[in-house]
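Text of input_12.pdb (PDB, C-alpha atoms) as supplied:
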```
ATOM      1  CA  MET A   1     -27.852  -8.255  13.158
ATOM      2  CA  HIS A   2     -27.278  -6.740   9.726
ATOM      3  CA  ALA A   3     -30.107  -4.233  10.101
ATOM      4  CA  TYR A   4     -27.602  -1.535  11.068
ATOM      5  CA  ALA A   5     -24.738  -2.720   8.857
ATOM      6  CA  ASN A   6     -25.252   0.370   6.752
ATOM      7  CA  PRO A   7     -23.098   3.142   8.312
ATOM      8  CA  THR A   8     -25.702   5.804   7.470
ATOM      9  CA  ARG A   9     -28.436   3.891   9.279
ATOM     10  CA  PHE A  10     -26.125   3.210  12.213
ATOM     11  CA  LEU A  11     -25.137   6.868  12.500
ATOM     12  CA  SER A  12     -28.782   7.966  12.513
ATOM     13  CA  LEU A  13     -29.216   5.924  15.691
ATOM     14  CA  ALA A  14     -25.774   6.553  17.204
ATOM     15  CA  ARG A  15     -25.984  10.378  17.143
ATOM     16  CA  PRO A  16     -28.954  10.774  19.527
ATOM     17  CA  LEU A  17     -27.887   7.796  21.664
ATOM     18  CA  THR A  18     -24.452   9.307  22.229
ATOM     19  CA  LEU A  19     -25.953  12.462  23.688
ATOM     20  CA  TRP A  20     -28.496  10.631  25.835
ATOM     21  CA  PHE A  21     -25.939   8.140  27.147
ATOM     22  CA  LEU A  22     -23.563  10.973  28.010
ATOM     23  CA  ILE A  23     -26.122  13.175  29.776
ATOM     24  CA  VAL A  24     -27.851  10.411  31.741
ATOM     25  CA  GLY A  25     -24.531   8.758  32.570
ATOM     26  CA  LEU A  26     -23.024  11.955  33.986
ATOM     27  CA  ILE A  27     -26.167  12.660  36.029
ATOM     28  CA  LEU A  28     -26.143   9.168  37.529
ATOM     29  CA  ILE A  29     -22.418   9.381  38.296
ATOM     30  CA  ALA A  30     -22.958  12.734  40.025
ATOM     31  CA  VAL A  31     -25.834  11.314  42.111
ATOM     32  CA  GLY A  32     -24.103   8.042  43.008
ATOM     33  CA  SER A  33     -20.708   9.584  43.722
ATOM     34  CA  GLY A  34     -22.174  12.553  45.574
ATOM     35  CA  TYR A  35     -24.174  10.345  47.924
ATOM     36  CA  GLY A  36     -21.444   7.733  48.261
ATOM     37  CA  LEU A  37     -18.665  10.200  49.003
ATOM     38  CA  LEU A  38     -20.613  12.652  51.176
ATOM     39  CA  TYR A  39     -23.550  10.853  52.804
ATOM     40  CA  ALA A  40     -23.027   7.088  52.801
ATOM     41  CA  PRO A  41     -21.725   5.760  56.131
ATOM     42  CA  ALA A  42     -18.109   4.773  56.657
ATOM     43  CA  ASP A  43     -17.322   1.054  56.797
ATOM     44  CA  ARG A  44     -16.933  -0.501  60.254
ATOM     45  CA  LEU A  45     -13.490  -1.913  59.413
ATOM     46  CA  MET A  46     -12.154   0.142  56.498
ATOM     47  CA  GLY A  47     -13.524   3.507  57.565
ATOM     48  CA  ASP A  48     -13.799   6.240  54.927
ATOM     49  CA  SER A  49     -11.387   4.457  52.569
ATOM     50  CA  VAL A  50     -14.317   2.253  51.505
ATOM     51  CA  ARG A  51     -15.761   5.207  49.580
ATOM     52  CA  ILE A  52     -13.346   4.585  46.715
ATOM     53  CA  LEU A  53     -15.392   1.494  45.815
ATOM     54  CA  TYR A  54     -17.886   3.821  44.075
ATOM     55  CA  ILE A  55     -15.187   4.516  41.466
ATOM     56  CA  HIS A  56     -13.079   1.362  41.662
ATOM     57  CA  VAL A  57     -15.800  -1.237  41.165
ATOM     58  CA  PRO A  58     -17.432   0.366  38.071
ATOM     59  CA  THR A  59     -14.067   0.916  36.360
ATOM     60  CA  VAL A  60     -12.903  -2.676  36.875
ATOM     61  CA  TRP A  61     -16.307  -4.023  35.831
ATOM     62  CA  LEU A  62     -16.117  -1.998  32.617
ATOM     63  CA  ALA A  63     -12.501  -3.031  32.042
ATOM     64  CA  MET A  64     -13.724  -6.632  31.909
ATOM     65  CA  GLY A  65     -16.886  -5.706  30.016
ATOM     66  CA  GLY A  66     -14.856  -3.797  27.458
ATOM     67  CA  TRP A  67     -12.712  -6.787  26.527
ATOM     68  CA  THR A  68     -15.787  -9.017  26.490
ATOM     69  CA  SER A  69     -17.284  -6.587  23.949
ATOM     70  CA  ILE A  70     -14.103  -6.763  21.861
ATOM     71  CA  ALA A  71     -14.263 -10.571  21.862
ATOM     72  CA  ILE A  72     -17.947 -10.615  20.850
ATOM     73  CA  ALA A  73     -17.372  -8.036  18.107
ATOM     74  CA  SER A  74     -14.369 -10.032  16.874
ATOM     75  CA  ILE A  75     -16.451 -13.208  16.657
ATOM     76  CA  VAL A  76     -19.136 -11.339  14.709
ATOM     77  CA  GLN A  77     -16.461  -9.895  12.412
ATOM     78  CA  ILE A  78     -14.942 -13.299  11.621
ATOM     79  CA  ALA A  79     -18.132 -15.378  11.539
ATOM     80  CA  TRP A  80     -20.558 -12.998   9.812
ATOM     81  CA  ARG A  81     -18.236 -10.358   8.297
ATOM     82  CA  HIS A  82     -20.377  -7.620   9.821
ATOM     83  CA  PRO A  83     -18.940  -4.341   8.487
ATOM     84  CA  LEU A  84     -19.322  -2.455  11.769
ATOM     85  CA  ALA A  85     -18.063  -5.196  14.091
ATOM     86  CA  ALA A  86     -14.404  -4.363  13.515
ATOM     87  CA  VAL A  87     -15.154  -0.657  13.979
ATOM     88  CA  ALA A  88     -16.901  -1.402  17.289
ATOM     89  CA  ALA A  89     -14.018  -3.547  18.550
ATOM     90  CA  ARG A  90     -11.493  -0.861  17.684
ATOM     91  CA  ALA A  91     -13.638   1.822  19.314
ATOM     92  CA  VAL A  92     -13.784  -0.088  22.606
ATOM     93  CA  ALA A  93     -10.032  -0.611  22.954
ATOM     94  CA  ILE A  94      -8.867   2.821  24.125
ATOM     95  CA  PRO A  95     -11.664   3.502  26.661
ATOM     96  CA  GLY A  96     -11.250  -0.104  27.828
ATOM     97  CA  ALA A  97      -7.545   0.488  28.476
ATOM     98  CA  LEU A  98      -8.337   3.790  30.214
ATOM     99  CA  PHE A  99     -10.899   2.221  32.553
ATOM    100  CA  THR A 100      -8.508  -0.651  33.305
ATOM    101  CA  ALA A 101      -5.806   1.850  34.263
ATOM    102  CA  LEU A 102      -8.300   3.718  36.473
ATOM    103  CA  GLY A 103      -9.236   0.427  38.135
ATOM    104  CA  LEU A 104      -5.586  -0.338  38.884
ATOM    105  CA  VAL A 105      -4.879   3.149  40.221
ATOM    106  CA  THR A 106      -7.977   3.316  42.436
ATOM    107  CA  GLY A 107      -7.293  -0.230  43.634
ATOM    108  CA  SER A 108      -3.772   0.784  44.669
ATOM    109  CA  ILE A 109      -5.100   3.845  46.500
ATOM    110  CA  TRP A 110      -7.610   1.615  48.317
ATOM    111  CA  ALA A 111      -4.962  -1.012  49.080
ATOM    112  CA  ARG A 112      -2.636   1.411  50.878
ATOM    113  CA  PRO A 113      -4.788   1.947  53.998
ATOM    114  CA  THR A 114      -6.467  -1.483  53.765
ATOM    115  CA  TRP A 115      -3.518  -3.805  53.070
ATOM    116  CA  GLY A 116      -0.722  -1.506  54.190
ATOM    117  CA  THR A 117       0.878  -1.424  50.743
ATOM    118  CA  TRP A 118       0.249   0.122  47.340
ATOM    119  CA  TRP A 119       0.728  -3.109  45.416
ATOM    120  CA  VAL A 120       0.847  -6.881  45.894
ATOM    121  CA  TRP A 121       1.141  -9.606  43.270
ATOM    122  CA  ASP A 122      -2.314 -10.797  44.205
ATOM    123  CA  GLY A 123      -4.215 -13.020  41.761
ATOM    124  CA  ARG A 124      -6.922 -10.438  41.059
ATOM    125  CA  VAL A 125      -4.579  -7.465  40.826
ATOM    126  CA  THR A 126      -2.075  -9.294  38.618
ATOM    127  CA  SER A 127      -4.724 -10.596  36.204
ATOM    128  CA  VAL A 128      -6.168  -7.071  35.824
ATOM    129  CA  LEU A 129      -2.649  -5.788  35.089
ATOM    130  CA  VAL A 130      -2.359  -8.485  32.404
ATOM    131  CA  LEU A 131      -5.672  -7.210  30.979
ATOM    132  CA  PHE A 132      -4.192  -3.700  30.737
ATOM    133  CA  PHE A 133      -1.225  -5.019  28.747
ATOM    134  CA  LEU A 134      -3.610  -6.990  26.525
ATOM    135  CA  TYR A 135      -5.444  -3.744  25.742
ATOM    136  CA  LEU A 136      -2.167  -2.043  24.842
ATOM    137  CA  ALA A 137      -1.187  -4.936  22.578
ATOM    138  CA  TYR A 138      -4.614  -4.895  20.907
ATOM    139  CA  ILE A 139      -4.372  -1.133  20.280
ATOM    140  CA  ALA A 140      -0.918  -1.596  18.736
ATOM    141  CA  LEU A 141      -2.174  -4.400  16.486
ATOM    142  CA  ALA A 142      -5.244  -2.400  15.474
ATOM    143  CA  ASN A 143      -3.134   0.645  14.601
ATOM    144  CA  ALA A 144      -0.804  -1.527  12.522
ATOM    145  CA  SER A 145      -3.754  -3.108  10.719
ATOM    146  CA  SER A 146      -4.098  -2.578   6.984
ATOM    147  CA  GLU A 147      -7.881  -2.515   7.391
ATOM    148  CA  LYS A 148      -8.839   1.141   7.285
ATOM    149  CA  GLY A 149     -11.381   1.951   9.951
ATOM    150  CA  GLY A 150     -11.376  -1.588  11.312
ATOM    151  CA  VAL A 151      -8.988  -4.306  12.402
ATOM    152  CA  SER A 152      -7.351  -7.237  10.669
ATOM    153  CA  ARG A 153      -8.343 -10.863  11.095
ATOM    154  CA  VAL A 154      -5.204 -11.429  13.195
ATOM    155  CA  THR A 155      -6.236  -8.597  15.531
ATOM    156  CA  ALA A 156      -9.741 -10.051  15.794
ATOM    157  CA  ILE A 157      -8.325 -13.475  16.703
ATOM    158  CA  PHE A 158      -6.170 -11.812  19.364
ATOM    159  CA  GLY A 159      -9.309 -10.172  20.763
ATOM    160  CA  ILE A 160     -10.999 -13.560  21.051
ATOM    161  CA  VAL A 161      -8.006 -15.363  22.564
ATOM    162  CA  GLY A 162      -7.427 -12.549  25.061
ATOM    163  CA  ALA A 163     -10.900 -13.152  26.493
ATOM    164  CA  ILE A 164      -9.435 -16.180  28.288
ATOM    165  CA  ASN A 165      -8.229 -13.698  30.900
ATOM    166  CA  ILE A 166     -11.770 -12.529  31.784
ATOM    167  CA  PRO A 167     -12.877 -15.655  33.695
ATOM    168  CA  ILE A 168      -9.417 -15.744  35.305
ATOM    169  CA  ILE A 169     -10.005 -12.246  36.683
ATOM    170  CA  ASN A 170     -13.513 -13.184  37.796
ATOM    171  CA  ARG A 171     -12.509 -16.402  39.569
ATOM    172  CA  SER A 172      -9.066 -15.375  40.811
ATOM    173  CA  VAL A 173     -10.285 -14.673  44.356
ATOM    174  CA  VAL A 174     -11.743 -18.193  44.460
ATOM    175  CA  TRP A 175      -8.906 -20.128  42.825
ATOM    176  CA  TRP A 176      -6.012 -18.568  44.770
ATOM    177  CA  ASN A 177      -5.424 -17.546  48.367
ATOM    178  CA  SER A 178      -5.825 -13.825  47.942
ATOM    179  CA  LEU A 179      -5.600 -10.584  49.876
ATOM    180  CA  HIS A 180      -8.371  -9.264  47.677
ATOM    181  CA  GLN A 181     -11.796  -9.746  49.200
ATOM    182  CA  PRO A 182     -14.140 -12.340  47.632
ATOM    183  CA  ALA A 183     -16.903 -11.270  45.282
ATOM    184  CA  SER A 184     -19.520  -9.251  47.167
ATOM    185  CA  ILE A 185     -22.112  -9.318  44.372
ATOM    186  CA  THR A 186     -22.958 -12.634  42.709
ATOM    187  CA  VAL A 187     -25.866 -14.210  40.872
ATOM    188  CA  GLY A 188     -27.109 -15.455  44.229
ATOM    189  CA  GLY A 189     -27.289 -11.997  45.761
ATOM    190  CA  SER A 190     -25.199  -9.356  47.477
ATOM    191  CA  SER A 191     -23.372  -9.231  50.797
ATOM    192  CA  ILE A 192     -23.090  -5.421  50.621
ATOM    193  CA  ASP A 193     -25.321  -3.388  52.920
ATOM    194  CA  SER A 194     -28.012  -1.440  51.077
ATOM    195  CA  ALA A 195     -26.509   1.862  52.292
ATOM    196  CA  PHE A 196     -23.468   1.094  50.126
ATOM    197  CA  LEU A 197     -25.170  -0.973  47.437
ATOM    198  CA  TRP A 198     -27.641   1.453  45.871
ATOM    199  CA  PRO A 199     -25.161   4.307  45.203
ATOM    200  CA  LEU A 200     -22.720   1.703  43.874
ATOM    201  CA  MET A 201     -25.334   0.366  41.438
ATOM    202  CA  VAL A 202     -26.224   3.909  40.372
ATOM    203  CA  ASN A 203     -22.551   4.514  39.603
ATOM    204  CA  VAL A 204     -22.180   1.207  37.761
ATOM    205  CA  ILE A 205     -25.073   2.183  35.467
ATOM    206  CA  GLY A 206     -23.772   5.743  35.118
ATOM    207  CA  PHE A 207     -20.234   4.688  34.225
ATOM    208  CA  SER A 208     -21.624   2.071  31.823
ATOM    209  CA  LEU A 209     -23.618   4.736  29.978
ATOM    210  CA  LEU A 210     -20.563   7.015  29.907
ATOM    211  CA  PHE A 211     -18.479   4.146  28.514
ATOM    212  CA  GLY A 212     -21.149   3.508  25.880
ATOM    213  CA  ALA A 213     -21.171   7.194  24.901
ATOM    214  CA  ILE A 214     -17.388   7.188  24.474
ATOM    215  CA  VAL A 215     -17.529   4.046  22.320
ATOM    216  CA  LEU A 216     -20.264   5.521  20.111
ATOM    217  CA  MET A 217     -18.283   8.756  19.730
ATOM    218  CA  ARG A 218     -15.197   6.770  18.743
ATOM    219  CA  MET A 219     -17.172   4.675  16.247
ATOM    220  CA  ARG A 220     -18.564   7.826  14.660
ATOM    221  CA  ALA A 221     -15.057   9.336  14.515
ATOM    222  CA  ILE A 222     -13.593   6.192  12.921
ATOM    223  CA  LEU A 223     -16.356   6.085  10.303
ATOM    224  CA  ALA A 224     -15.881   9.790   9.551
ATOM    225  CA  GLU A 225     -12.119   9.320   9.206
ATOM    226  CA  THR A 226     -12.646   6.373   6.859
ATOM    227  CA  LYS A 227     -15.077   8.400   4.753
ATOM    228  CA  VAL A 228     -12.608  11.294   4.483
ATOM    229  CA  GLU A 229      -9.763   8.952   3.510
ATOM    230  CA  ALA A 230     -11.909   7.312   0.831
ATOM    231  CA  ARG A 231     -12.855  10.740  -0.576
ATOM    232  CA  LEU A 232      -9.184  11.830  -0.660
ATOM    233  CA  ARG A 233      -8.225   8.642  -2.500
ATOM    234  CA  ARG A 234     -10.932   9.266  -5.104
ATOM    235  CA  MET A 235      -9.744  12.844  -5.565
ATOM    236  CA  ALA A 236      -6.141  11.693  -5.949
ATOM    237  CA  ALA A 237      -7.161   9.143  -8.587
ATOM    238  CA  GLU A 238      -8.977  11.729 -10.718
TER     239      GLU A 238
END
```
Could you express the structure from this file as C-alpha cells?
Amino acid sequence: MHAYANPTRFLSLARPLTLWFLIVGLILIAVGSGYGLLYAPADRLMGDSVRILYIHVPTVWLAMGGWTSIAIASIVQIAWRHPLAAVAARAVAIPGALFTALGLVTGSIWARPTWGTWWVWDGRVTSVLVLFFLYLAYIALANASSEKGGVSRVTAIFGIVGAINIPIINRSVVWWNSLHQPASITVGGSSIDSAFLWPLMVNVIGFSLLFGAIVLMRMRAILAETKVEARLRRMAAE
C-alpha cells in the first residue's frame, strides 16, 4: 500500500496512466454511445427514450463509485496515514459531484416521457439527490481544511459516514414502492437484452476510465499546487 506513498513514484505511474485512461475511455464511449444511439433497437415500451440509459446508467454508477472511493481513501488516511489517500479523496469529490449531477439530469430527461413528469420524490431519485448534496458538503469541508493538498480528519470522517447513503441508493428500489424500475443488472445476472447490454457495458467501462483519468489529473494538479506553495513558503522564509 505504501509502495507509491512517495509522490515522485506515484507521478511516474500516474502520468502515462492518465493519457491511456483518457484515450481508451473516449474511444469506448464513442463506440458504445454511437452504437447505442444510432444502431441499437428501440425499446418495446419506452421507444427511443431508452437510449439515454447509455449515459444515465454509467453516470449514476460512477456517482456511487466515486463516494465509495472517497470512503475507502478516508479509511486509509485515518487508519494508515497514507500521504496520498487524502489527495485521492479530494481529487474524487468534484468529478463525483459532476457525474451525480449528470445522473440526475439524464434521469429527469428519461422520466419525462416514461413517467410523465420531470421529477418525483422517488426513493432512488431522492437518495441520489442526497448524494449530490453530500458531495457539495464534502467539497466545502475539503476547501476549508487546513491540510494543504489533502483533507482534515473531520472531512475524512464525513466521507466515511456519508457512505451510509450508498447502500440506501442501491436498495431503494427494493425497500420502497418505487416508480423507478428494479435493478436490471445484479450479481445473479442481467435482465437486459444483449442488444442493449453490450453497448451499455462498453460505455460503463469507457466512462469509468474517463473518470479515472480526471481523478489522476486532479491528483497531479493538487500535488503540483502543494509543491509550489511549499516552495513559495521556503522563499518567503529566506
Item to complete: List every protein, DNA or RNA residue with an atom no more than 12 Å from (-21.1, 12.9, 27.4) in the file's coordinates, counting all atoms listed in the file, and format the result as a ChimeraX atom specification.
Response: /A:15-29,206-217
Distance query Tyr135 (chain A) at most 8 Å, only C-alpha atoms, self and fewer than 4 positions along chain excluded, as a CSV table (one decimal) with C-alpha atoms, in the frame of the given file:
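Wrote result.csv, looks like this:
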```csv
chain,number,residue,atom,x,y,z
A,67,TRP,CA,-12.7,-6.8,26.5
A,93,ALA,CA,-10.0,-0.6,23.0
A,94,ILE,CA,-8.9,2.8,24.1
A,96,GLY,CA,-11.2,-0.1,27.8
A,97,ALA,CA,-7.5,0.5,28.5
A,131,LEU,CA,-5.7,-7.2,31.0
A,139,ILE,CA,-4.4,-1.1,20.3
```
Discussion item. Given all atoms listed in the file as the basis, pick out the residue of A:Thr226, A:Val204, A:Pro199, A:Trp118 nearest to Tyr39 (chain A).
Written reply: A:Pro199
Discussion item. One number please: CA of Thr68 (chain A) to CA of Asn170 (chain A), in Å, one decimal.
Written reply: 12.3 Å
Which centre and which edge lengths, in Å to one decimal, describe the axis-aligned box that holds all listed atoms of region 95-101 of chain A after 4 Å is added on each side, as AutoDock Vina command-line options?
```
--center_x -8.7 --center_y 1.6 --center_z 30.5 --size_x 13.9 --size_y 12.4 --size_z 15.6
```
Worksheet item: Given the choices A:Ala79, A:Leu141, A:Ala71, A:Ile52, which gets closest to Gly103 (chain A) if the distance is worked out from all atoms listed in the file?
Response: A:Ile52
Pull out every residue that the PyMOL selection byres ((chain A and resi 108) around 12) matches in the shown coordinates and put them as a short mmCIF file (atom, residue, chain, number, x, y, z; two decimals) with C-alpha atoms, keeping the file's coordinate frame.
```
data_model
loop_
_atom_site.label_atom_id
_atom_site.label_comp_id
_atom_site.auth_asym_id
_atom_site.auth_seq_id
_atom_site.Cartn_x
_atom_site.Cartn_y
_atom_site.Cartn_z
CA SER A 49 -11.39 4.46 52.57
CA ILE A 52 -13.35 4.58 46.72
CA LEU A 53 -15.39 1.49 45.82
CA HIS A 56 -13.08 1.36 41.66
CA ALA A 101 -5.81 1.85 34.26
CA LEU A 102 -8.30 3.72 36.47
CA GLY A 103 -9.24 0.43 38.14
CA LEU A 104 -5.59 -0.34 38.88
CA VAL A 105 -4.88 3.15 40.22
CA THR A 106 -7.98 3.32 42.44
CA GLY A 107 -7.29 -0.23 43.63
CA ILE A 109 -5.10 3.84 46.50
CA TRP A 110 -7.61 1.62 48.32
CA ALA A 111 -4.96 -1.01 49.08
CA ARG A 112 -2.64 1.41 50.88
CA PRO A 113 -4.79 1.95 54.00
CA THR A 114 -6.47 -1.48 53.76
CA TRP A 115 -3.52 -3.80 53.07
CA GLY A 116 -0.72 -1.51 54.19
CA THR A 117 0.88 -1.42 50.74
CA TRP A 118 0.25 0.12 47.34
CA TRP A 119 0.73 -3.11 45.42
CA VAL A 120 0.85 -6.88 45.89
CA TRP A 121 1.14 -9.61 43.27
CA ASP A 122 -2.31 -10.80 44.20
CA VAL A 125 -4.58 -7.46 40.83
CA THR A 126 -2.08 -9.29 38.62
CA LEU A 129 -2.65 -5.79 35.09
CA HIS A 180 -8.37 -9.26 47.68
#
```
Worksheet item: To one decimal place, how far is CA of Ala63 (chain A) from CA of Phe132 (chain A) in Å?
Response: 8.4 Å
